[in-house]
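Peer 1: To start, I am sharing the structure in question, which I have written as structure tokens.
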Amino acid sequence: MNTDWKDIESRYYMFVVRRQPVVIVKGEGTKVWDVDGKEYLDFTSGWAVNNAGHANAAIADAISEQARTLLQTSNQFYTIPQLQLAEILVENSALDKVFFCNSGAEANEGAMKLARRYGARERNGAYEIVTALNSFHGRTMANVSATGQPHYQELFQPIPPGYKHVSFGEIEELKGAVTDRTVAIMLEPVQAEGGVNIPPDGYLENVREFCDQEGLLLIFDEVQTGLGRLGTLFGYESFGVEPDVMTLAKGLGGGVPIGAFMAKDEACAFEPGDHGSTFGGNALTCAAGYASTKYIIDNDLSGNAAAMGERMSEGLASLQSKYGQIEEARGMGLLWAVVFESDIGPDVVANCNAEGLLTNPLRPNAVRLMPPLTVSAEEIDQAMERLDSAIGAVAG
Ligand SMILES: *Cc1c(COP(=O)(O)O)cnc(C)c1O
């Protein structure tokens with residue numbers, strides 16, 4: 001039997017991602033192990049997904065019990081895990097209703113369809129959505145249009161019309177882009193994929209105020225910032241600004257594929273038949289989502305994210321004073337980017353692997369750190385030591 005997994009991948013799997021040379025076989029908490037038994041601290045968390053840690057026992061128990069009980073019925077019927085997850089999300093957020101789907105892209109598709117229905121009913125057929133440059137909203141055709149990064153769009157023309165992009169953080173530019181055709185503004189509270197960009201003070205408040213004035217919907221794409229990542233259960237709480245519509249996915253299921261969009265009652269413009277999903281809201285993923293969300297709330301993982309984020313921020317600041325090659329370390333909670341003055345990102349990531357630390361090559365000159373929200377102070381310190389050695393080996 002061929003167990004050269006990298007060879008098998010190159011023969012059978014579509015080449016759409018340059019993988020790191022690590023075959024992961026097992027995880028527990030912040031740690032993962034590769035096929036050779038080497039241990040790593042995982043500061044990628046499956047793209048900010050494993051918020052409650054790898055192989056979390058509460059989530060694993062919920063999944064295995066649900067798998068032996070009921071997986072899928074379709075949304076023609078009521079199922080209990082779906083309603084339990086709906087209740088815990090609504091009761092712990094500023095939003096009133098939820099719909100479950102299977103990914104972040106699908107959550108945004110649903111939110112954008114909801115906005116168009118709202119535009120048809122409340123704003124004379126307005127349909128346009130204004131989003132930010134350097135945003136990331138997903139890989140489906142509509143999300144490619146919504147995403148304000150030309151390189152995601154150029155290869156897939158023609159892409160769906162109805163989107164405008166403005167600089168993130170520039171309120172006057174945003175106001176200038178809005179017309180009678182505009183129905184919604186869609187933003188990530190912190191741009192994640194686009195470089196971990198924190199909005200300037202007051203920006204999101206100003207956007208909220210403008211949306212209220214103009215009767216526009218404010219959609220927050222919290223696919224990456226939701227479920228504790230920024231140090232609050234939802235990212236919007238960190239800024240004191242409530243959206244009308246919010247999308248979730250990555251951290252929602254503890255590792256299983258689930259997405260959601262939530263809305264205030266006034267924004268719930270759908271009627272029966274307007275939207276649907278075969279697998280969305282099935283009993284298995286919702287049981288996992290409920291167990292994960294409950295674990296995050298009961299164990300105050302948001303609070304731990306805030307505290308450990310503070311510790312990481314201090315660690316990164318001392319690395320920055322040691323290495324002139326670090327231009328900036330920016331982030332919130334447990335979502336951080338280390339930006340270098342030159343394109344040493346890939347070398348730093350490779351050296352981190354050798355040291356036993358998994359990181360994400362965000363840009364040629366930047367590395368992203370996003371550990372599980374269960375990470376301990378000791379693990380943060382260990383990761384900072386490994387990052388220190390990894391940068392030292394490149395920067396000297
Ligand atoms: C990852 C991400 C998406 C897309 O989610 P998928 O589950 O990969 O479709 C959308 N928005 C943001 C902010 C993301 O980080």
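Simple scheme: letters A, B, ... for chains in structure tokens order, numbers from 1 for residues in each chain, numbers from 1 for ligands in the order shown.
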Can you pull out every residue within 10 Å of A:Asn134, counting only C-alpha atoms, but drop anything in the same chain fewer than 3 positions away, and send it as an MDAnalysis selection string?

Peer 2: chainID A and resid 131 137 147:150 165:168 191:197

Peer 1: Store the residues picked out above in a file with all heavy atoms, as a CSV table (one decimal), in the first residue's frame.

Peer 2:
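See out.csv below for the written result:
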```
chain,number,residue,atom,x,y,z
A,131,THR,N,-19.5,46.7,-0.4
A,131,THR,CA,-18.5,46.0,0.5
A,131,THR,C,-17.2,46.7,0.5
A,131,THR,O,-17.0,47.7,-0.2
A,131,THR,CB,-18.4,44.5,0.1
A,131,THR,OG1,-17.6,44.5,-1.1
A,131,THR,CG2,-19.7,43.9,-0.2
A,137,HIS,N,-15.3,37.3,1.4
A,137,HIS,CA,-16.6,36.8,1.7
A,137,HIS,C,-16.9,35.4,1.2
A,137,HIS,O,-18.0,34.8,1.4
A,137,HIS,CB,-17.7,37.8,1.2
A,137,HIS,CG,-17.6,39.1,1.8
A,137,HIS,ND1,-17.8,39.3,3.1
A,137,HIS,CD2,-17.2,40.3,1.3
A,137,HIS,CE1,-17.6,40.6,3.4
A,137,HIS,NE2,-17.3,41.2,2.3
A,147,THR,N,-16.5,40.0,-2.7
A,147,THR,CA,-15.1,40.1,-2.2
A,147,THR,C,-14.4,41.3,-2.9
A,147,THR,O,-14.2,41.2,-4.1
A,147,THR,CB,-14.4,38.8,-2.3
A,147,THR,OG1,-15.0,37.9,-1.5
A,147,THR,CG2,-12.9,38.9,-2.0
A,148,GLY,N,-13.8,42.2,-2.1
A,148,GLY,CA,-13.2,43.3,-2.8
A,148,GLY,C,-11.7,43.1,-3.0
A,148,GLY,O,-10.8,43.9,-2.6
A,149,GLN,N,-11.4,42.0,-3.7
A,149,GLN,CA,-10.0,41.7,-4.1
A,149,GLN,C,-10.0,41.2,-5.6
A,149,GLN,O,-10.5,40.1,-5.8
A,149,GLN,CB,-9.4,40.6,-3.2
A,149,GLN,CG,-9.4,41.0,-1.7
A,149,GLN,CD,-8.5,40.0,-0.9
A,149,GLN,OE1,-7.4,39.8,-1.2
A,149,GLN,NE2,-9.1,39.5,0.1
A,150,PRO,N,-9.5,42.1,-6.5
A,150,PRO,CA,-9.6,41.8,-7.9
A,150,PRO,C,-9.1,40.4,-8.3
A,150,PRO,O,-9.6,39.7,-9.2
A,150,PRO,CB,-8.8,42.9,-8.6
A,150,PRO,CG,-8.7,44.0,-7.6
A,150,PRO,CD,-8.8,43.4,-6.2
A,165,HIS,N,-17.3,48.4,-4.3
A,165,HIS,CA,-16.3,48.3,-3.2
A,165,HIS,C,-15.7,49.6,-2.8
A,165,HIS,O,-15.4,50.4,-3.7
A,165,HIS,CB,-15.1,47.3,-3.7
A,165,HIS,CG,-15.7,46.0,-4.2
A,165,HIS,ND1,-15.8,45.7,-5.5
A,165,HIS,CD2,-16.2,45.0,-3.5
A,165,HIS,CE1,-16.3,44.5,-5.6
A,165,HIS,NE2,-16.6,44.0,-4.4
A,166,VAL,N,-15.5,49.8,-1.6
A,166,VAL,CA,-14.9,51.0,-1.0
A,166,VAL,C,-13.8,50.7,-0.1
A,166,VAL,O,-13.8,49.6,0.5
A,166,VAL,CB,-16.0,51.9,-0.3
A,166,VAL,CG1,-17.0,52.4,-1.3
A,166,VAL,CG2,-16.6,51.2,0.8
A,167,SER,N,-12.9,51.7,0.2
A,167,SER,CA,-11.8,51.4,1.2
A,167,SER,C,-12.4,51.2,2.5
A,167,SER,O,-13.3,51.9,3.0
A,167,SER,CB,-10.9,52.7,1.2
A,167,SER,OG,-10.5,53.1,-0.1
A,168,PHE,N,-11.9,50.2,3.2
A,168,PHE,CA,-12.3,49.8,4.6
A,168,PHE,C,-11.8,50.9,5.5
A,168,PHE,O,-10.6,51.3,5.5
A,168,PHE,CB,-11.7,48.5,5.0
A,168,PHE,CG,-12.1,47.9,6.3
A,168,PHE,CD1,-13.4,47.6,6.5
A,168,PHE,CD2,-11.2,47.7,7.3
A,168,PHE,CE1,-13.9,47.0,7.7
A,168,PHE,CE2,-11.6,47.2,8.5
A,168,PHE,CZ,-12.9,46.8,8.7
A,191,GLN,N,-11.3,42.7,9.2
A,191,GLN,CA,-11.0,42.0,8.0
A,191,GLN,C,-9.9,40.9,8.3
A,191,GLN,O,-8.8,41.3,8.7
A,191,GLN,CB,-10.5,42.9,6.9
A,191,GLN,CG,-11.5,43.9,6.4
A,191,GLN,CD,-11.1,44.7,5.2
A,191,GLN,OE1,-9.9,45.0,5.1
A,191,GLN,NE2,-12.0,44.9,4.3
A,192,ALA,N,-10.3,39.7,8.1
A,192,ALA,CA,-9.4,38.6,8.5
A,192,ALA,C,-8.4,38.2,7.4
A,192,ALA,O,-7.3,38.5,7.4
A,192,ALA,CB,-10.3,37.4,9.0
A,193,GLU,N,-9.0,37.5,6.4
A,193,GLU,CA,-8.2,37.1,5.2
A,193,GLU,C,-7.5,38.3,4.6
A,193,GLU,O,-6.3,38.1,4.1
A,193,GLU,CB,-9.2,36.5,4.2
A,193,GLU,CG,-8.7,35.2,3.6
A,193,GLU,CD,-8.9,34.1,4.6
A,193,GLU,OE1,-9.7,34.2,5.4
A,193,GLU,OE2,-8.1,33.2,4.5
A,194,GLY,N,-8.1,39.4,4.6
A,194,GLY,CA,-7.5,40.6,3.9
A,194,GLY,C,-6.3,41.2,4.7
A,194,GLY,O,-5.8,42.3,4.3
A,195,GLY,N,-5.9,40.6,5.8
A,195,GLY,CA,-4.7,41.0,6.5
A,195,GLY,C,-4.8,41.3,8.0
A,195,GLY,O,-3.9,42.0,8.5
A,196,VAL,N,-5.9,40.9,8.6
A,196,VAL,CA,-6.2,41.3,10.0
A,196,VAL,C,-6.2,42.8,10.1
A,196,VAL,O,-5.4,43.4,10.8
A,196,VAL,CB,-5.3,40.6,11.0
A,196,VAL,CG1,-5.8,40.8,12.4
A,196,VAL,CG2,-5.2,39.1,10.7
A,197,ASN,N,-7.2,43.4,9.4
A,197,ASN,CA,-7.3,44.9,9.5
A,197,ASN,C,-8.3,45.3,10.5
A,197,ASN,O,-9.5,45.0,10.3
A,197,ASN,CB,-7.6,45.4,8.1
A,197,ASN,CG,-6.6,44.9,7.0
A,197,ASN,OD1,-5.4,44.9,7.3
A,197,ASN,ND2,-7.1,44.5,5.9
```

Peer 1: Compile a residue-level contact table for chain A against ligand 1 at a cut-off of 10 Å, reporting for every qualifying residue the shortest atom pair and its distance in Å to one decimal, with only C-alpha atoms and all ligand atoms counted, rows ordered by chain and ascending number, as a Markdown table.

Peer 2:
```
| residue | atom | partner | partner_atom_place_in_ligand_line | distance |
| --- | --- | --- | --- | --- |
| A:Trp47 | CA | ligand 1 | 1 (C) | 7.3 |
| A:Ala48 | CA | ligand 1 | 15 (O) | 8.3 |
| A:Val49 | CA | ligand 1 | 1 (C) | 9.3 |
| A:Asn102 | CA | ligand 1 | 7 (O) | 7.5 |
| A:Ser103 | CA | ligand 1 | 7 (O) | 3.8 |
| A:Gly104 | CA | ligand 1 | 5 (O) | 3.3 |
| A:Ala105 | CA | ligand 1 | 9 (O) | 3.6 |
| A:Glu106 | CA | ligand 1 | 9 (O) | 6.3 |
| A:Ala107 | CA | ligand 1 | 9 (O) | 7.9 |
| A:Asn108 | CA | ligand 1 | 10 (C) | 7.0 |
| A:Glu109 | CA | ligand 1 | 9 (O) | 9.7 |
| A:Ser135 | CA | ligand 1 | 13 (C) | 7.4 |
| A:Phe136 | CA | ligand 1 | 12 (C) | 5.4 |
| A:His137 | CA | ligand 1 | 11 (N) | 3.7 |
| A:Gly138 | CA | ligand 1 | 4 (C) | 3.8 |
| A:Arg139 | CA | ligand 1 | 9 (O) | 6.3 |
| A:Thr140 | CA | ligand 1 | 9 (O) | 7.8 |
| A:Asn143 | CA | ligand 1 | 10 (C) | 8.1 |
| A:Thr147 | CA | ligand 1 | 11 (N) | 8.9 |
| A:Leu187 | CA | ligand 1 | 13 (C) | 8.5 |
| A:Glu188 | CA | ligand 1 | 13 (C) | 5.9 |
| A:Pro189 | CA | ligand 1 | 13 (C) | 8.9 |
| A:Val190 | CA | ligand 1 | 13 (C) | 8.5 |
| A:Gln191 | CA | ligand 1 | 13 (C) | 6.9 |
| A:Ala192 | CA | ligand 1 | 15 (O) | 6.0 |
| A:Glu193 | CA | ligand 1 | 15 (O) | 6.0 |
| A:Gly194 | CA | ligand 1 | 13 (C) | 9.0 |
| A:Phe220 | CA | ligand 1 | 13 (C) | 8.9 |
| A:Asp221 | CA | ligand 1 | 13 (C) | 5.5 |
| A:Glu222 | CA | ligand 1 | 13 (C) | 5.9 |
| A:Val223 | CA | ligand 1 | 12 (C) | 4.7 |
| A:Gln224 | CA | ligand 1 | 15 (O) | 4.4 |
| A:Thr225 | CA | ligand 1 | 13 (C) | 7.2 |
| A:Gly226 | CA | ligand 1 | 13 (C) | 9.3 |
| A:Thr247 | CA | ligand 1 | 11 (N) | 8.1 |
| A:Leu248 | CA | ligand 1 | 11 (N) | 8.2 |
| A:Ala249 | CA | ligand 1 | 7 (O) | 6.0 |
| A:Lys250 | CA | ligand 1 | 7 (O) | 6.1 |
| A:Gly251 | CA | ligand 1 | 7 (O) | 9.8 |
| A:Pro257 | CA | ligand 1 | 7 (O) | 7.5 |
| A:Ile258 | CA | ligand 1 | 7 (O) | 7.9 |
| A:Gly259 | CA | ligand 1 | 7 (O) | 7.2 |
```

Peer 1: Select, from A:Phe239, A:Tyr323, A:Tyr152, A:Phe43, the residue with the minimum atom-to-atom distance to A:Ala383, counting only C-alpha atoms.

Peer 2: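 Nearest candidate to A:Ala383 out of A:Phe239, A:Tyr323, A:Tyr152, A:Phe43: A:Phe43.
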
Peer 1: Looking at only C-alpha atoms, which of A:Pro243, A:Gly228, A:Gly333, A:Gly324 is the one that sits closest to A:Asn299?

Peer 2: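 Ranking A:Pro243, A:Gly228, A:Gly333, A:Gly324 by distance to A:Asn299, first place goes to A:Gly228.
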
Peer 1: List every residue of stretch 135-322 of chain A that DSSP, applied to the backbone of this structure, assigns to strand (DSSP E), and report them as a ChimeraX atom specification.

Peer 2: /A:163-166,182-187,217-221,245-248,259-263

Peer 1: From the options A:Glu237, A:Glu355, A:Asp96, A:Glu122, which residue's atoms come nearest to A:Asp265, counting only C-alpha atoms?

Peer 2: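 Closest candidate: A:Asp96.
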
Peer 1: Find the residue from A:Gln157, A:Asn206, A:Ser389, A:Gln72 that sits nearest to A:Leu218; use only C-alpha atoms when measuring.

Peer 2: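 Residue with the minimum atom-to-atom distance to A:Leu218: A:Asn206.
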
Peer 1: At what distance in Å, to one decimal, does atom CA of A:Ala350 lie from atom CA of A:Pro21?

Peer 2: 8.9 Å

Peer 1: Can you pull out the residues contacting A:Pro361? Cut-off 12 Å, using only C-alpha atoms, and skip same-chain residues under 5 positions away; I want them as a list in words.

Peer 2: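 My list of contacting residues is Arg18, Arg19, Gln20, Phe43, Thr44, Trp47, Glu193, Gly195, Trp336, Ala337, Val338, Val339, Phe340, Asp343, Ile344, Gly345, Pro346, Asp347, Val348, Val349, Ala350, Asn351, Cys352, Asn353, Ala366, Val367, Arg368, Leu369 and Met370 of chain A.
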